[in-house]
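Colleague: PDB, C-alpha atoms, saved as final_1.pdb, coming up:
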```
ATOM      1  CA  MET T   1       0.461 -47.034 -21.954
ATOM      2  CA  TRP T   2       1.766 -45.451 -25.137
ATOM      3  CA  SER T   3       3.897 -48.457 -25.887
ATOM      4  CA  VAL T   4       0.769 -50.615 -25.707
ATOM      5  CA  ALA T   5      -1.263 -48.166 -27.796
ATOM      6  CA  ARG T   6       1.360 -48.234 -30.564
ATOM      7  CA  ARG T   7       1.096 -51.974 -30.985
ATOM      8  CA  PRO T   8      -0.259 -52.961 -34.465
ATOM      9  CA  ARG T   9      -3.296 -54.693 -32.978
ATOM     10  CA  TRP T  10      -4.491 -51.560 -31.128
ATOM     11  CA  VAL T  11      -3.671 -49.267 -34.044
ATOM     12  CA  ALA T  12      -5.830 -51.523 -36.257
ATOM     13  CA  ALA T  13      -8.620 -51.410 -33.654
ATOM     14  CA  LEU T  14      -8.473 -47.581 -33.658
ATOM     15  CA  VAL T  15      -8.651 -47.448 -37.452
ATOM     16  CA  LEU T  16     -11.611 -49.854 -37.406
ATOM     17  CA  ALA T  17     -13.435 -47.731 -34.800
ATOM     18  CA  LEU T  18     -12.870 -44.567 -36.848
ATOM     19  CA  ALA T  19     -14.175 -46.324 -39.966
ATOM     20  CA  VAL T  20     -17.321 -47.471 -38.143
ATOM     21  CA  ALA T  21     -17.899 -43.938 -36.793
ATOM     22  CA  ALA T  22     -17.484 -42.461 -40.274
ATOM     23  CA  GLY T  23     -19.945 -45.015 -41.653
ATOM     24  CA  PHE T  24     -22.567 -44.095 -39.072
ATOM     25  CA  ALA T  25     -22.025 -40.393 -39.785
ATOM     26  CA  LEU T  26     -22.623 -40.955 -43.511
ATOM     27  CA  LEU T  27     -25.743 -43.023 -42.798
ATOM     28  CA  GLY T  28     -27.055 -40.276 -40.507
ATOM     29  CA  GLN T  29     -26.494 -37.659 -43.188
ATOM     30  CA  TRP T  30     -28.317 -39.814 -45.756
ATOM     31  CA  GLN T  31     -31.256 -40.367 -43.374
ATOM     32  CA  LEU T  32     -31.516 -36.637 -42.684
ATOM     33  CA  GLY T  33     -31.548 -35.894 -46.411
ATOM     34  CA  ARG T  34     -34.329 -38.435 -46.970
ATOM     35  CA  ALA T  35     -36.382 -36.915 -44.135
ATOM     36  CA  VAL T  36     -36.134 -33.450 -45.694
ATOM     37  CA  GLN T  37     -37.225 -34.818 -49.074
ATOM     38  CA  THR T  38     -40.203 -36.624 -47.503
ATOM     39  CA  ALA T  39     -41.310 -33.446 -45.722
ATOM     40  CA  THR T  40     -41.604 -31.513 -48.982
ATOM     41  CA  VAL T  41     -45.017 -29.809 -49.084
ATOM     42  CA  VAL T  42     -46.976 -29.982 -52.332
ATOM     43  CA  VAL T  43     -48.702 -26.676 -53.020
ATOM     44  CA  TYR T  44     -51.810 -26.828 -55.197
ATOM     45  CA  PRO T  45     -52.865 -23.823 -57.320
ATOM     46  CA  THR T  46     -56.131 -23.278 -55.416
ATOM     47  CA  GLU T  47     -56.527 -19.719 -56.713
ATOM     48  CA  THR T  48     -56.424 -20.807 -60.359
ATOM     49  CA  VAL T  49     -60.008 -21.236 -61.569
ATOM     50  CA  MET T  50     -60.472 -24.765 -62.932
ATOM     51  CA  PRO T  51     -63.499 -26.603 -64.366
ATOM     52  CA  LEU T  52     -65.320 -28.353 -61.529
ATOM     53  CA  ALA T  53     -65.392 -31.622 -63.464
ATOM     54  CA  SER T  54     -61.578 -31.624 -63.629
ATOM     55  CA  VAL T  55     -61.088 -31.580 -59.845
ATOM     56  CA  ALA T  56     -64.193 -33.396 -58.545
ATOM     57  CA  LYS T  57     -66.159 -36.490 -59.476
ATOM     58  CA  PRO T  58     -69.898 -36.983 -58.881
ATOM     59  CA  GLN T  59     -71.014 -39.312 -56.098
ATOM     60  CA  THR T  60     -67.646 -39.102 -54.297
ATOM     61  CA  ASP T  61     -66.306 -37.281 -51.258
ATOM     62  CA  VAL T  62     -64.362 -34.049 -51.655
ATOM     63  CA  THR T  63     -60.648 -34.819 -51.772
ATOM     64  CA  ASP T  64     -57.869 -32.761 -50.174
ATOM     65  CA  ARG T  65     -56.890 -31.714 -53.681
ATOM     66  CA  ALA T  66     -60.354 -30.360 -54.486
ATOM     67  CA  ALA T  67     -61.193 -28.743 -51.134
ATOM     68  CA  GLY T  68     -60.757 -24.974 -51.322
ATOM     69  CA  GLN T  69     -60.126 -24.975 -55.071
ATOM     70  CA  MET T  70     -61.522 -22.137 -57.171
ATOM     71  CA  VAL T  71     -63.765 -23.759 -59.797
ATOM     72  CA  THR T  72     -66.210 -22.875 -62.531
ATOM     73  CA  VAL T  73     -69.264 -24.714 -63.784
ATOM     74  CA  SER T  74     -71.995 -23.888 -66.287
ATOM     75  CA  GLY T  75     -75.576 -25.102 -66.126
ATOM     76  CA  THR T  76     -79.076 -24.096 -65.042
ATOM     77  CA  ARG T  77     -80.311 -23.018 -61.618
ATOM     78  CA  VAL T  78     -83.280 -25.209 -60.696
ATOM     79  CA  LYS T  79     -86.616 -23.552 -60.019
ATOM     80  CA  GLY T  80     -87.866 -23.860 -56.446
ATOM     81  CA  ASP T  81     -84.692 -25.346 -54.978
ATOM     82  CA  THR T  82     -83.490 -22.329 -52.999
ATOM     83  CA  TYR T  83     -82.952 -22.376 -49.239
ATOM     84  CA  VAL T  84     -81.766 -20.139 -46.397
ATOM     85  CA  VAL T  85     -79.020 -21.324 -44.028
ATOM     86  CA  SER T  86     -78.505 -19.470 -40.760
ATOM     87  CA  ASP T  87     -75.518 -18.928 -38.438
ATOM     88  CA  ARG T  88     -73.108 -18.143 -41.289
ATOM     89  CA  VAL T  89     -70.257 -15.826 -40.329
ATOM     90  CA  ASN T  90     -69.130 -13.284 -42.914
ATOM     91  CA  PHE T  91     -66.313 -10.847 -42.082
ATOM     92  CA  GLY T  92     -67.017 -11.295 -38.388
ATOM     93  CA  LYS T  93     -70.803 -10.856 -38.636
ATOM     94  CA  THR T  94     -73.336 -13.668 -38.239
ATOM     95  CA  GLY T  95     -76.068 -13.888 -40.841
ATOM     96  CA  TYR T  96     -77.633 -16.046 -43.549
ATOM     97  CA  TRP T  97     -76.632 -17.785 -46.760
ATOM     98  CA  VAL T  98     -78.983 -18.340 -49.667
ATOM     99  CA  ILE T  99     -78.294 -21.747 -51.232
ATOM    100  CA  GLY T 100     -79.289 -22.680 -54.778
ATOM    101  CA  HIS T 101     -79.384 -25.899 -56.791
ATOM    102  CA  VAL T 102     -77.520 -25.873 -60.117
ATOM    103  CA  VAL T 103     -77.597 -28.708 -62.637
ATOM    104  CA  ALA T 104     -74.333 -28.618 -64.565
ATOM    105  CA  ASP T 105     -74.175 -29.135 -68.315
ATOM    106  CA  ASN T 106     -72.979 -32.699 -67.661
ATOM    107  CA  GLY T 107     -76.240 -33.416 -65.788
ATOM    108  CA  THR T 108     -74.693 -33.461 -62.305
ATOM    109  CA  SER T 109     -76.239 -31.374 -59.527
ATOM    110  CA  VAL T 110     -74.214 -29.079 -57.283
ATOM    111  CA  ALA T 111     -75.282 -26.855 -54.392
ATOM    112  CA  VAL T 112     -74.188 -23.209 -54.618
ATOM    113  CA  ALA T 113     -73.976 -20.629 -51.834
ATOM    114  CA  LEU T 114     -75.243 -17.659 -53.827
ATOM    115  CA  GLY T 115     -74.692 -14.908 -51.267
ATOM    116  CA  TRP T 116     -74.928 -13.660 -47.677
ATOM    117  CA  THR T 117     -76.945 -11.134 -45.698
ATOM    118  CA  ALA T 118     -77.188 -10.201 -42.028
ATOM    119  CA  SER T 119     -80.987  -9.932 -42.299
ATOM    120  CA  LYS T 120     -83.286 -12.959 -42.196
ATOM    121  CA  LYS T 121     -85.964 -10.887 -43.935
ATOM    122  CA  LYS T 122     -83.602 -10.022 -46.809
ATOM    123  CA  ALA T 123     -82.418 -13.633 -47.060
ATOM    124  CA  ASP T 124     -85.993 -14.914 -47.316
ATOM    125  CA  ALA T 125     -86.862 -12.245 -49.897
ATOM    126  CA  ALA T 126     -83.811 -13.077 -51.998
ATOM    127  CA  ALA T 127     -84.609 -16.785 -51.787
ATOM    128  CA  VAL T 128     -88.106 -16.146 -53.141
ATOM    129  CA  VAL T 129     -86.738 -14.178 -56.101
ATOM    130  CA  LEU T 130     -83.975 -16.683 -56.833
ATOM    131  CA  SER T 131     -86.415 -19.601 -56.607
ATOM    132  CA  ALA T 132     -87.588 -18.620 -60.071
ATOM    133  CA  GLY T 133     -84.487 -20.379 -61.329
ATOM    134  CA  ALA T 134     -82.332 -19.354 -64.273
ATOM    135  CA  PRO T 135     -82.156 -20.817 -67.781
ATOM    136  CA  SER T 136     -78.376 -20.567 -67.931
ATOM    137  CA  VAL T 137     -75.735 -19.692 -65.351
ATOM    138  CA  THR T 138     -71.975 -19.847 -65.038
ATOM    139  CA  VAL T 139     -70.804 -20.130 -61.446
ATOM    140  CA  VAL T 140     -67.284 -19.259 -60.342
ATOM    141  CA  GLY T 141     -66.394 -19.867 -56.720
ATOM    142  CA  ARG T 142     -64.593 -21.935 -54.114
ATOM    143  CA  TYR T 143     -65.399 -25.640 -53.805
ATOM    144  CA  GLN T 144     -66.032 -26.776 -50.232
ATOM    145  CA  PRO T 145     -66.683 -30.149 -48.548
ATOM    146  CA  THR T 146     -70.180 -30.947 -47.339
ATOM    147  CA  GLU T 147     -70.967 -30.276 -43.693
ATOM    148  CA  PRO T 148     -72.431 -32.915 -41.348
ATOM    149  CA  PRO T 149     -76.245 -32.891 -41.262
ATOM    150  CA  ASP T 150     -78.047 -31.304 -38.323
ATOM    151  CA  GLU T 151     -81.345 -33.169 -38.170
ATOM    152  CA  THR T 152     -82.545 -31.445 -34.986
ATOM    153  CA  ASN T 153     -82.467 -27.964 -36.499
ATOM    154  CA  ILE T 154     -84.002 -29.112 -39.799
ATOM    155  CA  GLU T 155     -86.932 -30.669 -37.912
ATOM    156  CA  HIS T 156     -87.575 -27.238 -36.408
ATOM    157  CA  GLY T 157     -87.345 -25.569 -39.808
ATOM    158  CA  ASN T 158     -83.942 -23.999 -39.145
ATOM    159  CA  ARG T 159     -81.027 -24.900 -41.419
ATOM    160  CA  THR T 160     -77.612 -24.157 -39.918
ATOM    161  CA  VAL T 161     -75.374 -26.334 -42.116
ATOM    162  CA  VAL T 162     -74.787 -26.938 -45.809
ATOM    163  CA  SER T 163     -75.247 -30.702 -45.880
ATOM    164  CA  ILE T 164     -75.415 -32.230 -49.351
ATOM    165  CA  PRO T 165     -77.229 -35.403 -48.170
ATOM    166  CA  ALA T 166     -79.842 -33.240 -46.417
ATOM    167  CA  LEU T 167     -80.284 -30.980 -49.452
ATOM    168  CA  ILE T 168     -80.762 -33.962 -51.764
ATOM    169  CA  ASN T 169     -83.726 -35.014 -49.628
ATOM    170  CA  GLU T 170     -85.214 -31.514 -49.872
ATOM    171  CA  TRP T 171     -84.608 -30.707 -53.519
ATOM    172  CA  LYS T 172     -87.888 -30.691 -55.388
ATOM    173  CA  THR T 173     -86.123 -31.829 -58.564
ATOM    174  CA  ALA T 174     -84.495 -35.203 -57.897
ATOM    175  CA  PRO T 175     -80.856 -35.196 -59.084
ATOM    176  CA  LYS T 176     -79.416 -37.804 -61.432
ATOM    177  CA  SER T 177     -76.003 -37.491 -59.812
ATOM    178  CA  VAL T 178     -74.510 -35.069 -57.283
ATOM    179  CA  TYR T 179     -71.133 -33.533 -56.482
ATOM    180  CA  GLY T 180     -70.103 -34.275 -52.902
ATOM    181  CA  GLY T 181     -69.307 -30.653 -52.069
ATOM    182  CA  TYR T 182     -70.769 -27.222 -52.699
ATOM    183  CA  ILE T 183     -69.543 -24.011 -54.319
ATOM    184  CA  VAL T 184     -69.350 -20.647 -52.562
ATOM    185  CA  SER T 185     -69.922 -18.145 -55.374
ATOM    186  CA  LYS T 186     -67.425 -15.294 -55.728
ATOM    187  CA  THR T 187     -70.242 -12.994 -56.909
ATOM    188  CA  ALA T 188     -73.630 -12.339 -55.340
ATOM    189  CA  PRO T 189     -77.068 -11.522 -56.808
ATOM    190  CA  ASP T 190     -78.880  -8.286 -56.013
ATOM    191  CA  GLY T 191     -79.835  -7.982 -52.341
ATOM    192  CA  LEU T 192     -77.030 -10.252 -51.125
ATOM    193  CA  ALA T 193     -73.348  -9.723 -50.290
ATOM    194  CA  VAL T 194     -70.416 -11.828 -51.456
ATOM    195  CA  THR T 195     -69.613 -14.647 -49.032
ATOM    196  CA  ALA T 196     -66.061 -14.699 -47.689
ATOM    197  CA  VAL T 197     -64.479 -18.147 -47.530
ATOM    198  CA  ASP T 198     -60.805 -18.852 -46.840
ATOM    199  CA  ALA T 199     -58.882 -21.145 -49.196
ATOM    200  CA  ALA T 200     -57.709 -23.281 -46.306
ATOM    201  CA  VAL T 201     -60.154 -25.991 -45.294
TER     202      VAL T 201
END
```
Spit out the file's structure as structure tokens when you get a sec.
Modeller:
Amino acid sequence: MWSVARRPRWVAALVLALAVAAGFALLGQWQLGRAVQTATVVVYPTETVMPLASVAKPQTDVTDRAAGQMVTVSGTRVKGDTYVVSDRVNFGKTGYWVIGHVVADNGTSVAVALGWTASKKKADAAAVVLSAGAPSVTVVGRYQPTEPPDETNIEHGNRTVVSIPALINEWKTAPKSVYGGYIVSKTAPDGLAVTAVDAAV
């Protein structure tokens, strides 16, 4: 057997087989390296406060880049456009959000979750006070995607979601243009608590 194996033809076949195996090993290493590069996760600076207009465009859906981003926007809070949304969990407790309508300095409307309370009575009272509007406000908070509308609850006078399309139909002041998401304010007015929202969406 060894005399046959030492023949030039079989030695050449062995060398060829080793070369092919080495080639496949190199290709496998290259493919693994490419897979690791492709799996690189891009981390966005969601905790850095950025102008809303720099991360979101009016009349468009909220992108993955914009969702959960801390933003700031200046404008006016519209008189009369304040609503209470129920079934909102805050630090493990179920309660109510008070939602306002802010028209940014660029003329685009955005919904803002102003604060939270466990009491429906306090939420309604705060909504009445905040319905007076504000001549000038600067909102800092986390930008969130709109939630699907819940027509059944709205028909019964109970809002359980923050749906931008539904709010547009209820706003007393018709918007010229609208941001597709809403802002959860990092501060709260008197009578309300700060709303806790995770960065991950």
Colleague: What separation in Å, quoted to one decimal, exists between atom CA of Ser177 of chain T and atom CA of Val139 of chain T?
Modeller: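 According to the coordinates, atom CA of Ser177 of chain T and atom CA of Val139 of chain T are separated by 18.2 Å.
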Colleague: If you take every atom of segment 164-172 of chain T that the file lists and fit an axis-aligned box around them with 6 Å extra on each side, what centre and edge lengths come out in Å to one decimal, as JSON?
Modeller:
```
{"center_x": -81.7, "center_y": -33.0, "center_z": -50.9, "size_x": 24.5, "size_y": 16.7, "size_z": 21.0}
```
Colleague: List the neighbours of Val178 of chain T out to 10 Å using only C-alpha atoms; skip same-chain residues closer than 5 positions along the sequence, and give me the result as a PyMOL selection string.
Modeller: chain T and resi 57-60+103-104+107-111+164-165+168
Colleague: What would the file look like if the residues just selected were written as a PDB file, in the coordinates of the input with C-alpha atoms?
Modeller:
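Saved result, out_28.pdb, follows:
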```pdb
ATOM      1  CA  LYS T  57     -66.159 -36.490 -59.476  1.00  0.00           C
ATOM      2  CA  PRO T  58     -69.898 -36.983 -58.881  1.00  0.00           C
ATOM      3  CA  GLN T  59     -71.014 -39.312 -56.098  1.00  0.00           C
ATOM      4  CA  THR T  60     -67.646 -39.102 -54.297  1.00  0.00           C
ATOM      5  CA  VAL T 103     -77.597 -28.708 -62.637  1.00  0.00           C
ATOM      6  CA  ALA T 104     -74.333 -28.618 -64.565  1.00  0.00           C
ATOM      7  CA  GLY T 107     -76.240 -33.416 -65.788  1.00  0.00           C
ATOM      8  CA  THR T 108     -74.693 -33.461 -62.305  1.00  0.00           C
ATOM      9  CA  SER T 109     -76.239 -31.374 -59.527  1.00  0.00           C
ATOM     10  CA  VAL T 110     -74.214 -29.079 -57.283  1.00  0.00           C
ATOM     11  CA  ALA T 111     -75.282 -26.855 -54.392  1.00  0.00           C
ATOM     12  CA  ILE T 164     -75.415 -32.230 -49.351  1.00  0.00           C
ATOM     13  CA  PRO T 165     -77.229 -35.403 -48.170  1.00  0.00           C
ATOM     14  CA  ILE T 168     -80.762 -33.962 -51.764  1.00  0.00           C
TER      15      ILE T 168
END
```
Colleague: Can you tell me how far atom CA of Ala132 of chain T sits from atom CA of Val62 of chain T, in Å to one decimal?
Modeller: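 Interatomic distance, atom CA of Ala132 of chain T to atom CA of Val62 of chain T: 29.1 Å.
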Colleague: Quick one, how far is atom CA of Lys122 of chain T from atom CA of Trp171 of chain T?
Modeller: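 Straight-line distance from atom CA of Lys122 of chain T to atom CA of Trp171 of chain T works out to 21.8 Å.
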Colleague: I need the residue set behind the PyMOL selection byres ((chain T and resi 181-195) around 9) for this file; please write it as a VMD selection string.
Modeller: chain T and resid 56 60 to 62 67 70 to 72 89 to 91 97 to 98 110 to 117 122 to 123 125 to 126 130 139 to 147 162 to 164 178 to 180 196 to 197
Colleague: Can you write just those residues out, C-alpha atoms, as a compact mmCIF listing (two decimals), keeping the file's coordinate frame?
Modeller:
```txt
# COMPACT_ATOMS: atom_id res chain seq x y z
CA ALA T 56 -64.19 -33.40 -58.54
CA THR T 60 -67.65 -39.10 -54.30
CA ASP T 61 -66.31 -37.28 -51.26
CA VAL T 62 -64.36 -34.05 -51.66
CA ALA T 67 -61.19 -28.74 -51.13
CA MET T 70 -61.52 -22.14 -57.17
CA VAL T 71 -63.76 -23.76 -59.80
CA THR T 72 -66.21 -22.88 -62.53
CA VAL T 89 -70.26 -15.83 -40.33
CA ASN T 90 -69.13 -13.28 -42.91
CA PHE T 91 -66.31 -10.85 -42.08
CA TRP T 97 -76.63 -17.78 -46.76
CA VAL T 98 -78.98 -18.34 -49.67
CA VAL T 110 -74.21 -29.08 -57.28
CA ALA T 111 -75.28 -26.86 -54.39
CA VAL T 112 -74.19 -23.21 -54.62
CA ALA T 113 -73.98 -20.63 -51.83
CA LEU T 114 -75.24 -17.66 -53.83
CA GLY T 115 -74.69 -14.91 -51.27
CA TRP T 116 -74.93 -13.66 -47.68
CA THR T 117 -76.94 -11.13 -45.70
CA LYS T 122 -83.60 -10.02 -46.81
CA ALA T 123 -82.42 -13.63 -47.06
CA ALA T 125 -86.86 -12.24 -49.90
CA ALA T 126 -83.81 -13.08 -52.00
CA LEU T 130 -83.98 -16.68 -56.83
CA VAL T 139 -70.80 -20.13 -61.45
CA VAL T 140 -67.28 -19.26 -60.34
CA GLY T 141 -66.39 -19.87 -56.72
CA ARG T 142 -64.59 -21.94 -54.11
CA TYR T 143 -65.40 -25.64 -53.80
CA GLN T 144 -66.03 -26.78 -50.23
CA PRO T 145 -66.68 -30.15 -48.55
CA THR T 146 -70.18 -30.95 -47.34
CA GLU T 147 -70.97 -30.28 -43.69
CA VAL T 162 -74.79 -26.94 -45.81
CA SER T 163 -75.25 -30.70 -45.88
CA ILE T 164 -75.42 -32.23 -49.35
CA VAL T 178 -74.51 -35.07 -57.28
CA TYR T 179 -71.13 -33.53 -56.48
CA GLY T 180 -70.10 -34.28 -52.90
CA ALA T 196 -66.06 -14.70 -47.69
CA VAL T 197 -64.48 -18.15 -47.53
```
Colleague: Between T:Gly28, T:Gly68, T:Gly80, T:Gly75, single out the one closest to Ala174 of chain T, counting only C-alpha atoms.
Modeller: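 Residue with the minimum atom-to-atom distance to Ala174 of chain T: T:Gly80.
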Colleague: Skip Arg88 of chain T itself and residues of its chain fewer than 6 positions away, then list as a list in words all residues within 9 Å of it, counting all atoms listed in the file.
Modeller: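 Everything that qualifies: Thr94, Gly95, Tyr96, Trp97, Trp116, Ala118, Thr160 and Val161 of chain T.
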Colleague: Please complete segment 15-31 of chain T with N, CA, C and O atoms and give it back as a PDB file, in the coordinates of the input.
Modeller:
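The resulting result_15.pdb:
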```
ATOM      1  N   VAL T  15      -8.254 -47.716 -36.066  1.00  0.00           N
ATOM      2  CA  VAL T  15      -8.651 -47.448 -37.452  1.00  0.00           C
ATOM      3  C   VAL T  15     -10.043 -48.011 -37.728  1.00  0.00           C
ATOM      4  O   VAL T  15     -10.892 -47.374 -38.364  1.00  0.00           O
ATOM      5  N   LEU T  16     -10.299 -49.234 -37.209  1.00  0.00           N
ATOM      6  CA  LEU T  16     -11.611 -49.854 -37.406  1.00  0.00           C
ATOM      7  C   LEU T  16     -12.715 -49.024 -36.730  1.00  0.00           C
ATOM      8  O   LEU T  16     -13.785 -48.798 -37.305  1.00  0.00           O
ATOM      9  N   ALA T  17     -12.449 -48.538 -35.519  1.00  0.00           N
ATOM     10  CA  ALA T  17     -13.435 -47.731 -34.800  1.00  0.00           C
ATOM     11  C   ALA T  17     -13.731 -46.434 -35.542  1.00  0.00           C
ATOM     12  O   ALA T  17     -14.884 -45.997 -35.643  1.00  0.00           O
ATOM     13  N   LEU T  18     -12.672 -45.796 -36.082  1.00  0.00           N
ATOM     14  CA  LEU T  18     -12.870 -44.567 -36.848  1.00  0.00           C
ATOM     15  C   LEU T  18     -13.681 -44.830 -38.124  1.00  0.00           C
ATOM     16  O   LEU T  18     -14.521 -44.020 -38.515  1.00  0.00           O
ATOM     17  N   ALA T  19     -13.435 -45.975 -38.750  1.00  0.00           N
ATOM     18  CA  ALA T  19     -14.175 -46.324 -39.966  1.00  0.00           C
ATOM     19  C   ALA T  19     -15.652 -46.543 -39.661  1.00  0.00           C
ATOM     20  O   ALA T  19     -16.542 -46.102 -40.398  1.00  0.00           O
ATOM     21  N   VAL T  20     -15.930 -47.238 -38.536  1.00  0.00           N
ATOM     22  CA  VAL T  20     -17.321 -47.471 -38.143  1.00  0.00           C
ATOM     23  C   VAL T  20     -18.014 -46.150 -37.839  1.00  0.00           C
ATOM     24  O   VAL T  20     -19.161 -45.904 -38.243  1.00  0.00           O
ATOM     25  N   ALA T  21     -17.316 -45.246 -37.118  1.00  0.00           N
ATOM     26  CA  ALA T  21     -17.899 -43.938 -36.793  1.00  0.00           C
ATOM     27  C   ALA T  21     -18.188 -43.137 -38.060  1.00  0.00           C
ATOM     28  O   ALA T  21     -19.238 -42.488 -38.175  1.00  0.00           O
ATOM     29  N   ALA T  22     -17.271 -43.178 -39.020  1.00  0.00           N
ATOM     30  CA  ALA T  22     -17.484 -42.461 -40.274  1.00  0.00           C
ATOM     31  C   ALA T  22     -18.676 -43.033 -41.036  1.00  0.00           C
ATOM     32  O   ALA T  22     -19.466 -42.303 -41.638  1.00  0.00           O
ATOM     33  N   GLY T  23     -18.814 -44.377 -40.981  1.00  0.00           N
ATOM     34  CA  GLY T  23     -19.945 -45.015 -41.653  1.00  0.00           C
ATOM     35  C   GLY T  23     -21.273 -44.588 -41.061  1.00  0.00           C
ATOM     36  O   GLY T  23     -22.228 -44.270 -41.786  1.00  0.00           O
ATOM     37  N   PHE T  24     -21.330 -44.539 -39.731  1.00  0.00           N
ATOM     38  CA  PHE T  24     -22.567 -44.095 -39.072  1.00  0.00           C
ATOM     39  C   PHE T  24     -22.856 -42.630 -39.376  1.00  0.00           C
ATOM     40  O   PHE T  24     -24.019 -42.229 -39.531  1.00  0.00           O
ATOM     41  N   ALA T  25     -21.825 -41.807 -39.465  1.00  0.00           N
ATOM     42  CA  ALA T  25     -22.025 -40.393 -39.785  1.00  0.00           C
ATOM     43  C   ALA T  25     -22.609 -40.235 -41.187  1.00  0.00           C
ATOM     44  O   ALA T  25     -23.522 -39.429 -41.412  1.00  0.00           O
ATOM     45  N   LEU T  26     -22.097 -41.012 -42.141  1.00  0.00           N
ATOM     46  CA  LEU T  26     -22.623 -40.955 -43.511  1.00  0.00           C
ATOM     47  C   LEU T  26     -24.065 -41.441 -43.568  1.00  0.00           C
ATOM     48  O   LEU T  26     -24.910 -40.866 -44.266  1.00  0.00           O
ATOM     49  N   LEU T  27     -24.368 -42.522 -42.828  1.00  0.00           N
ATOM     50  CA  LEU T  27     -25.743 -43.023 -42.798  1.00  0.00           C
ATOM     51  C   LEU T  27     -26.696 -41.994 -42.175  1.00  0.00           C
ATOM     52  O   LEU T  27     -27.826 -41.803 -42.643  1.00  0.00           O
ATOM     53  N   GLY T  28     -26.231 -41.309 -41.129  1.00  0.00           N
ATOM     54  CA  GLY T  28     -27.055 -40.276 -40.507  1.00  0.00           C
ATOM     55  C   GLY T  28     -27.334 -39.121 -41.451  1.00  0.00           C
ATOM     56  O   GLY T  28     -28.454 -38.598 -41.508  1.00  0.00           O
ATOM     57  N   GLN T  29     -26.311 -38.739 -42.222  1.00  0.00           N
ATOM     58  CA  GLN T  29     -26.494 -37.659 -43.188  1.00  0.00           C
ATOM     59  C   GLN T  29     -27.479 -38.072 -44.278  1.00  0.00           C
ATOM     60  O   GLN T  29     -28.331 -37.287 -44.693  1.00  0.00           O
ATOM     61  N   TRP T  30     -27.394 -39.310 -44.739  1.00  0.00           N
ATOM     62  CA  TRP T  30     -28.317 -39.814 -45.756  1.00  0.00           C
ATOM     63  C   TRP T  30     -29.753 -39.831 -45.228  1.00  0.00           C
ATOM     64  O   TRP T  30     -30.687 -39.424 -45.911  1.00  0.00           O
ATOM     65  N   GLN T  31     -29.919 -40.294 -43.962  1.00  0.00           N
ATOM     66  CA  GLN T  31     -31.256 -40.367 -43.374  1.00  0.00           C
ATOM     67  C   GLN T  31     -31.858 -38.971 -43.216  1.00  0.00           C
ATOM     68  O   GLN T  31     -33.044 -38.770 -43.471  1.00  0.00           O
TER      69      GLN T  31
END
```
